[in-house]
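For reference, entry-v8.txt is printed below; it contains compact mmCIF, C-alpha atoms.
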```txt
# COMPACT_ATOMS: atom_id res chain seq x y z
CA MET Z 27 19.40 -108.21 5.20
CA ILE Z 28 22.02 -105.71 6.22
CA PHE Z 29 22.69 -104.94 2.59
CA PHE Z 30 19.01 -104.29 1.97
CA PHE Z 31 18.87 -101.90 4.93
CA ILE Z 32 21.94 -100.01 3.70
CA LEU Z 33 20.46 -99.77 0.21
CA LEU Z 34 17.17 -98.49 1.56
CA THR Z 35 18.96 -95.90 3.66
CA PHE Z 36 20.96 -94.77 0.64
CA ILE Z 37 17.80 -94.43 -1.39
CA PHE Z 38 16.10 -92.30 1.29
CA LEU Z 39 19.16 -90.10 1.62
CA SER Z 40 19.35 -89.63 -2.12
CA VAL Z 41 15.69 -88.74 -2.33
CA GLY Z 42 16.09 -86.32 0.58
CA MET Z 43 19.06 -84.68 -1.08
CA LEU Z 44 17.18 -84.40 -4.35
CA LEU Z 45 14.16 -82.95 -2.57
CA SER Z 46 16.38 -80.49 -0.74
CA MET Z 47 18.16 -79.54 -3.92
CA PHE Z 48 15.13 -79.13 -6.16
CA GLY Z 49 12.48 -78.23 -3.58
CA THR Z 50 14.25 -75.44 -1.71
CA ARG Z 51 13.24 -71.88 -2.58
CA ILE Z 52 14.79 -68.74 -1.06
CA VAL Z 53 12.54 -65.72 -1.55
CA PRO Z 54 14.20 -62.25 -1.32
CA HIS Z 55 12.84 -59.54 0.95
CA GLN Z 56 9.89 -57.47 -0.41
CA GLU Z 57 8.98 -60.24 -2.87
CA VAL Z 58 6.14 -62.76 -3.00
CA TRP Z 59 6.13 -65.91 -5.11
CA ILE Z 60 2.94 -67.64 -6.20
CA VAL Z 61 3.07 -71.47 -6.09
CA GLN Z 62 0.79 -73.66 -8.20
CA ARG Z 63 0.30 -77.34 -7.56
CA LEU Z 64 -0.66 -79.28 -10.63
CA GLY Z 65 -1.76 -76.09 -12.34
CA ARG Z 66 -3.85 -74.72 -9.47
CA PHE Z 67 -2.99 -71.98 -6.98
CA LYS Z 68 -1.54 -73.49 -3.84
CA ARG Z 69 0.07 -70.81 -1.69
CA GLN Z 70 2.29 -67.75 -1.47
CA LEU Z 71 5.98 -67.95 -0.59
CA GLY Z 72 7.09 -65.15 1.70
CA PRO Z 73 10.66 -63.82 2.15
CA GLY Z 74 13.15 -66.41 3.45
CA LEU Z 75 13.61 -70.18 3.07
CA ASN Z 76 10.65 -72.10 1.67
CA TRP Z 77 9.99 -75.72 0.62
CA ILE Z 78 8.03 -77.02 -2.35
CA ILE Z 79 7.54 -80.45 -3.88
CA PRO Z 80 9.56 -80.71 -7.07
CA THR Z 81 7.68 -81.50 -10.27
CA ILE Z 82 4.37 -81.20 -8.39
CA ASP Z 83 4.67 -77.61 -7.11
CA HIS Z 84 5.67 -74.86 -9.48
CA VAL Z 85 6.51 -71.17 -8.88
CA ALA Z 86 4.24 -69.54 -11.43
CA TYR Z 87 4.58 -65.81 -10.59
CA ARG Z 88 7.14 -63.67 -8.89
CA HIS Z 89 5.96 -60.23 -7.67
CA SER Z 90 7.93 -57.37 -6.15
CA LEU Z 91 6.19 -55.45 -3.40
CA LYS Z 92 8.34 -52.37 -3.98
CA GLU Z 93 6.98 -49.18 -5.51
CA GLU Z 94 7.70 -49.12 -9.22
CA ALA Z 95 7.86 -46.24 -11.70
CA ILE Z 96 6.46 -46.93 -15.16
CA ASP Z 97 6.96 -44.58 -18.08
CA VAL Z 98 3.83 -43.74 -20.01
CA LEU Z 99 4.69 -43.25 -23.67
CA GLU Z 100 3.78 -40.13 -25.60
CA GLN Z 101 0.23 -39.95 -26.83
CA THR Z 102 -1.92 -37.42 -28.66
CA ALA Z 103 -4.97 -35.91 -27.02
CA ILE Z 104 -7.45 -33.26 -28.17
CA THR Z 105 -8.50 -30.51 -25.78
CA GLN Z 106 -11.98 -29.10 -25.41
CA ASP Z 107 -11.15 -26.25 -27.83
CA ASN Z 108 -9.93 -28.75 -30.49
CA VAL Z 109 -6.18 -28.32 -30.04
CA SER Z 110 -3.98 -31.40 -30.43
CA VAL Z 111 -1.43 -31.87 -27.66
CA ILE Z 112 1.16 -34.57 -27.05
CA LEU Z 113 1.59 -35.76 -23.47
CA ASP Z 114 3.79 -38.20 -21.65
CA GLY Z 115 4.16 -39.03 -17.99
CA VAL Z 116 5.22 -41.47 -15.33
CA VAL Z 117 3.05 -43.52 -13.00
CA TYR Z 118 4.12 -44.93 -9.62
CA VAL Z 119 2.43 -48.22 -8.69
CA LYS Z 120 2.69 -50.90 -6.05
CA ILE Z 121 1.34 -54.46 -5.85
CA VAL Z 122 -0.83 -54.86 -2.78
CA ASP Z 123 -2.46 -58.22 -3.61
CA PRO Z 124 -0.09 -60.68 -5.34
CA VAL Z 125 -2.81 -63.28 -5.94
CA ALA Z 126 -5.10 -60.75 -7.68
CA ALA Z 127 -2.14 -59.41 -9.65
CA SER Z 128 -1.42 -62.97 -10.82
CA TYR Z 129 -4.91 -64.06 -11.75
CA GLY Z 130 -6.93 -60.82 -12.11
CA VAL Z 131 -5.25 -59.63 -15.31
CA LYS Z 132 -2.80 -61.21 -17.70
CA ASP Z 133 -0.21 -58.39 -17.76
CA PRO Z 134 -1.02 -55.94 -14.93
CA LEU Z 135 1.63 -53.33 -15.78
CA HIS Z 136 0.69 -53.22 -19.47
CA ALA Z 137 -3.00 -52.98 -18.55
CA LEU Z 138 -2.17 -50.19 -16.11
CA THR Z 139 -0.30 -48.10 -18.69
CA GLN Z 140 -3.17 -48.49 -21.15
CA LEU Z 141 -5.59 -47.36 -18.46
CA VAL Z 142 -3.41 -44.32 -17.71
CA GLN Z 143 -3.37 -43.30 -21.38
CA THR Z 144 -7.11 -43.62 -21.84
CA SER Z 145 -7.82 -41.74 -18.58
CA MET Z 146 -5.45 -38.97 -19.61
CA ARG Z 147 -7.08 -38.55 -23.01
CA SER Z 148 -10.52 -38.40 -21.39
CA LEU Z 149 -9.50 -35.73 -18.91
CA ILE Z 150 -7.69 -33.61 -21.48
CA GLY Z 151 -10.81 -33.67 -23.67
CA THR Z 152 -12.82 -31.96 -20.91
CA LEU Z 153 -10.42 -29.02 -20.50
CA PRO Z 154 -9.47 -26.09 -22.75
CA LEU Z 155 -5.82 -25.61 -23.64
CA ASP Z 156 -5.12 -22.90 -21.05
CA GLN Z 157 -6.50 -24.99 -18.20
CA THR Z 158 -4.44 -27.96 -19.35
CA PHE Z 159 -1.31 -26.10 -18.26
CA GLU Z 160 -2.87 -24.49 -15.22
CA GLU Z 161 -4.48 -27.62 -13.73
CA ARG Z 162 -1.70 -30.17 -14.02
CA GLU Z 163 -1.95 -31.03 -10.32
CA SER Z 164 -5.69 -31.54 -10.63
CA ILE Z 165 -5.23 -33.74 -13.73
CA ASN Z 166 -2.66 -35.89 -11.91
CA ALA Z 167 -4.97 -36.39 -8.93
CA LYS Z 168 -7.97 -37.29 -11.11
CA ILE Z 169 -5.92 -39.85 -13.07
CA VAL Z 170 -4.80 -41.50 -9.81
CA VAL Z 171 -8.42 -41.78 -8.66
CA ALA Z 172 -9.51 -43.24 -12.02
CA ILE Z 173 -6.69 -45.82 -12.03
CA ASN Z 174 -7.36 -46.98 -8.47
CA GLU Z 175 -11.06 -47.45 -9.20
CA ALA Z 176 -10.34 -49.62 -12.25
CA SER Z 177 -7.32 -51.55 -10.89
CA LEU Z 178 -8.92 -52.57 -7.61
CA SER Z 179 -9.47 -56.14 -8.93
CA TRP Z 180 -5.94 -56.32 -10.29
CA GLY Z 181 -4.22 -56.14 -6.92
CA ILE Z 182 -2.35 -52.95 -7.93
CA ARG Z 183 -2.57 -49.55 -6.30
CA CYS Z 184 -1.50 -46.33 -8.03
CA ILE Z 185 0.52 -44.14 -5.67
CA ARG Z 186 0.79 -41.05 -7.88
CA TYR Z 187 0.96 -39.88 -11.46
CA GLU Z 188 2.98 -37.02 -12.92
CA ILE Z 189 2.72 -35.40 -16.36
CA LYS Z 190 6.28 -34.97 -17.59
CA ASP Z 191 5.70 -32.85 -20.65
CA ILE Z 192 2.91 -31.28 -22.71
CA LYS Z 193 3.78 -30.50 -26.32
CA ILE Z 194 1.62 -28.27 -28.50
CA PRO Z 195 1.88 -27.31 -32.21
CA LYS Z 196 4.33 -24.53 -33.08
CA GLU Z 197 1.67 -22.11 -34.37
CA ILE Z 198 -0.34 -22.54 -31.17
CA ARG Z 199 2.79 -22.01 -29.09
CA ASP Z 200 3.62 -18.83 -31.03
CA ALA Z 201 0.08 -17.54 -30.55
CA MET Z 202 0.28 -18.26 -26.82
CA GLU Z 203 3.58 -16.42 -26.58
CA LEU Z 204 2.06 -13.41 -28.35
CA GLN Z 205 -0.91 -13.57 -26.01
CA LEU Z 206 1.39 -13.77 -23.00
CA THR Z 207 3.41 -10.80 -24.28
CA ALA Z 208 0.23 -8.78 -24.82
CA GLU Z 209 -0.98 -9.72 -21.35
CA ARG Z 210 2.30 -8.61 -19.80
CA GLN Z 211 2.21 -5.33 -21.73
CA LYS Z 212 -1.38 -4.77 -20.60
CA ARG Z 213 -0.45 -5.40 -16.99
CA ALA Z 214 2.53 -3.08 -17.34
CA ARG Z 215 0.30 -0.32 -18.74
CA ILE Z 216 -2.23 -0.92 -15.99
CA LEU Z 217 0.47 -0.70 -13.35
CA GLU Z 218 1.86 2.45 -14.96
CA SER Z 219 -1.58 4.08 -15.08
CA GLU Z 220 -2.20 3.05 -11.50
CA GLY Z 221 1.08 4.66 -10.54
CA VAL Z 222 0.21 7.89 -12.38
CA ARG Z 223 -3.26 7.92 -10.82
CA GLN Z 224 -1.82 7.36 -7.36
CA ALA Z 225 0.72 10.12 -7.98
CA HIS Z 226 -2.07 12.53 -8.94
CA ILE Z 227 -4.04 11.49 -5.89
CA ASN Z 228 -1.04 12.01 -3.65
CA GLU Z 229 -0.29 15.39 -5.26
CA SER Z 230 -3.89 16.61 -4.90
CA GLU Z 231 -3.98 15.30 -1.35
CA GLY Z 232 -0.78 17.18 -0.60
CA GLN Z 233 -2.17 20.38 -2.11
CA ARG Z 234 -5.39 19.96 -0.16
CA GLN Z 235 -3.45 19.41 3.05
CA ALA Z 236 -1.29 22.44 2.27
CA GLN Z 237 -4.43 24.56 1.75
CA ILE Z 238 -5.85 23.26 5.01
CA ASN Z 239 -2.62 24.04 6.81
CA LEU Z 240 -2.52 27.52 5.22
CA ALA Z 241 -6.13 28.18 6.20
CA GLU Z 242 -5.41 27.00 9.71
CA GLY Z 243 -2.37 29.26 9.85
CA LEU Z 244 -4.35 32.25 8.56
CA ARG Z 245 -7.16 31.53 11.00
CA GLU Z 246 -4.72 31.31 13.89
CA LYS Z 247 -3.07 34.51 12.69
CA VAL Z 248 -6.43 36.32 12.50
CA VAL Z 249 -7.34 35.00 15.95
CA LEU Z 250 -4.02 36.15 17.35
CA GLU Z 251 -4.31 39.55 15.67
CA SER Z 252 -7.89 40.02 16.89
CA GLU Z 253 -6.83 38.93 20.34
CA ALA Z 254 -3.95 41.38 20.26
CA ALA Z 255 -6.27 44.17 19.03
CA ARG Z 256 -8.76 43.33 21.76
CA VAL Z 257 -6.06 43.37 24.40
CA ASP Z 258 -4.76 46.66 22.97
CA ARG Z 259 -8.25 48.19 23.04
CA VAL Z 260 -8.78 46.94 26.57
CA ASN Z 261 -5.46 48.34 27.64
CA ARG Z 262 -6.18 51.67 25.90
CA ALA Z 263 -9.63 51.81 27.47
CA LYS Z 264 -8.16 51.02 30.87
CA GLY Z 265 -5.51 53.71 30.35
CA GLU Z 266 -8.09 56.27 29.25
CA ALA Z 267 -10.34 55.32 32.16
CA GLU Z 268 -7.45 55.66 34.57
CA ALA Z 269 -6.49 59.00 32.96
CA ILE Z 270 -10.09 60.26 33.21
CA GLU Z 271 -10.24 59.04 36.77
CA ALA Z 272 -6.95 60.74 37.59
CA LEU Z 273 -8.11 63.95 35.87
CA ALA Z 274 -11.39 63.83 37.75
CA VAL Z 275 -9.56 63.29 41.03
CA ALA Z 276 -7.18 66.14 40.22
CA THR Z 277 -10.06 68.41 39.19
CA ALA Z 278 -11.98 67.52 42.34
CA TRP Z 279 -8.92 68.14 44.40
CA GLY Z 280 -8.36 71.49 42.65
CA ILE Z 281 -11.95 72.49 43.18
CA GLU Z 282 -11.69 71.46 46.80
CA GLN Z 283 -8.54 73.53 47.22
CA ILE Z 284 -10.17 76.51 45.48
CA SER Z 285 -13.20 76.27 47.72
CA LYS Z 286 -10.97 76.13 50.76
CA ALA Z 287 -8.98 79.11 49.51
CA LEU Z 288 -12.18 81.12 48.86
CA SER Z 289 -13.33 80.54 52.41
CA LEU Z 290 -10.18 82.15 53.78
CA THR Z 291 -9.74 85.89 54.40
CA GLY Z 292 -9.04 87.74 51.13
CA GLY Z 293 -9.90 84.66 49.08
CA GLU Z 294 -12.58 86.38 47.05
CA LYS Z 295 -10.23 89.25 46.15
CA ALA Z 296 -7.58 86.78 45.06
CA ALA Z 297 -10.14 84.93 42.97
CA SER Z 298 -11.28 88.20 41.41
CA LEU Z 299 -7.73 89.05 40.56
CA GLN Z 300 -7.17 85.61 39.00
CA VAL Z 301 -10.35 85.86 36.94
CA ALA Z 302 -9.27 89.23 35.64
CA GLU Z 303 -5.89 87.83 34.70
CA LYS Z 304 -7.50 84.91 32.85
CA TYR Z 305 -9.80 87.34 31.08
CA ILE Z 306 -6.92 89.42 29.82
CA GLU Z 307 -4.92 86.29 28.94
CA ALA Z 308 -7.77 85.04 26.79
CA PHE Z 309 -7.70 88.16 24.70
CA ARG Z 310 -3.95 87.89 24.38
CA GLN Z 311 -4.25 84.32 23.00
CA ILE Z 312 -6.86 85.43 20.48
CA ALA Z 313 -4.48 88.10 19.26
CA LYS Z 314 -1.75 85.46 18.72
CA GLU Z 315 -3.89 82.95 16.78
CA GLY Z 316 -5.65 85.22 14.22
CA ASN Z 317 -5.31 88.39 12.23
CA THR Z 318 -8.72 89.68 13.27
CA ILE Z 319 -9.12 90.75 16.90
CA VAL Z 320 -12.41 91.43 18.60
CA LEU Z 321 -11.90 93.82 21.52
CA PRO Z 322 -14.36 94.98 24.09
CA ALA Z 323 -15.50 98.54 24.03
CA ASN Z 324 -13.94 99.39 27.38
CA MET Z 325 -10.47 98.15 26.40
CA GLN Z 326 -8.96 101.48 27.46
CA HIS Z 327 -10.23 101.00 31.01
CA PRO Z 328 -8.78 97.85 32.49
CA GLY Z 329 -10.48 98.51 35.74
CA THR Z 330 -13.82 98.37 34.04
CA MET Z 331 -12.86 95.04 32.46
CA ILE Z 332 -11.88 93.69 35.83
CA GLY Z 333 -15.14 94.92 37.26
CA GLU Z 334 -17.09 93.16 34.56
CA ALA Z 335 -15.12 89.97 35.16
CA MET Z 336 -15.83 90.15 38.86
CA ALA Z 337 -19.49 90.74 38.14
CA ILE Z 338 -19.54 87.60 35.99
CA TYR Z 339 -17.83 85.70 38.75
CA GLU Z 340 -20.32 86.94 41.37
CA GLN Z 341 -23.19 85.97 39.06
CA ILE Z 342 -21.74 82.45 38.72
CA GLN Z 343 -21.42 82.20 42.48
CA LYS Z 344 -25.02 83.22 42.99
CA THR Z 345 -26.19 80.68 40.42
CA GLN Z 346 -24.23 77.90 42.13
CA SER Z 347 -25.60 78.90 45.53
CA HIS Z 348 -29.16 78.91 44.17
CA ARG Z 349 -28.67 75.35 42.71
CA LEU Z 350 -27.27 74.08 46.02
CA GLU Z 351 -30.29 75.48 47.88
CA LYS Z 352 -32.66 73.72 45.44
CA MET Z 353 -30.78 70.49 45.89
CA MET Z 354 -31.00 70.77 49.66
CA VAL Z 355 -34.75 71.53 49.51
CA GLY Z 356 -35.26 68.55 47.17
CA LYS Z 357 -33.56 66.20 49.62
```
Take the structure in this file and express it as structure tokens.
Amino acid sequence: MIFFFILLTFIFLSVGMLLSMFGTRIVPHQEVWIVQRLGRFKRQLGPGLNWIIPTIDHVAYRHSLKEEAIDVLEQTAITQDNVSVILDGVVYVKIVDPVAASYGVKDPLHALTQLVQTSMRSLIGTLPLDQTFEERESINAKIVVAINEASLSWGIRCIRYEIKDIKIPKEIRDAMELQLTAERQKRARILESEGVRQAHINESEGQRQAQINLAEGLREKVVLESEAARVDRVNRAKGEAEAIEALAVATAWGIEQISKALSLTGGEKAASLQVAEKYIEAFRQIAKEGNTIVLPANMQHPGTMIGEAMAIYEQIQKTQSHRLEKMMVGK
């Protein structure tokens, strides 16, 4: 009985050791293993220590959850303007559903690369050659969208796609280089003509500004000169007015003094004598200024000349007295 118990214990320990040896599975981090039991999906094994039943359970698929870069081989595509180009690229993918990746498609990575190639050819066929180089970012984004729409049932998600190289035929490349050279020369000529035009504009603007400044200077000069002439005329007029006023005052004062002197005793005789002297002096001045002299008939009798002068003086006095009387009567 004891022997049977020991044998049974040994059998259980052996079976346990065998189960531990063949049924233990250690899954690395960022990996998922798919277990099938008798050919059917049973469960997923996560990272760490896991147990399965040997011979009954079987690890059918091992998937890495890390992002993976897959090279897309070179392929030929035809652009919208019928130019053959050779493209290659790299696609970055990640498994998000291990069960779908195991049972949705037989070889998910191979299917994905084929999908990338067909999507690339389709997009290149809708673009002319020039836009193929200009819209590489747009092409990459559209390919990612197309892949994610088709691979949704495969449990794979495309992170990004990058075109590595675009090769074109040599004759097309030479033509593009010539076109680029011509474009650069055209832009250089345009820039040069723009510079010349701007220089002419600046020069004409400078000349116009110089003319404006000159006209402003001339105008200011004319204004200053006219102002100076006006001030000079005003000053001259003021001087002449002051001179006339001074002469009038002096004349009035002289007349006043003469009238006072005539009212004194002997004033009329003195005035007669002065008139006679002026009369004779006038004839003397005429003799100095010309060759022809007009003399009065009574030149040999100075007394008569003085008498005539006094008579003229008395006549003037009477005329002045008569005017003063009229003025008084009028008032």
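Close contacts of range 87-103 of chain Z, defined as residues with an atom at most 7 Å away when counting all atoms listed in the file, with chain neighbours fewer than 6 positions off set aside, comprise Z:Gln56, Z:Glu57, Z:Val58, Z:Trp59, Z:Ile60, Z:Ser110, Z:Val111, Z:Ile112, Z:Leu113, Z:Asp114, Z:Gly115, Z:Val116, Z:Val117, Z:Tyr118, Z:Val119, Z:Lys120, Z:Ile121, Z:Pro124, Z:Ser128, Z:Thr139, Z:Arg147, Z:Ile150.
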Would you mind telling me which residue in Z:Asn76, Z:Thr35, Z:Gln140, Z:Ser252 lies nearest to Pro54 in chain Z when using all atoms listed in the file?
-> Z:Asn76
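What separates CA of Ser145 in chain Z from CA of Asp123 in chain Z is a distance of 22.9 Å.
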Who sits within 10 Å of Lys68 in chain Z, only C-alpha atoms, same chain under 6 positions skipped, as a count of residues only = 6
Pairwise distance for CA of Ile78 in chain Z and CA of Phe48 in chain Z, rounded to one decimal in Å = 8.3 Å
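Take the candidates Z:Ile238, Z:Arg199, Z:Gly74, Z:Ser179 and check each one against Thr50 in chain Z using only C-alpha atoms; the shortest distance goes to Z:Gly74.
For the pair CA of Cys184 in chain Z and CA of Glu161 in chain Z, the interatomic distance is 19.8 Å.
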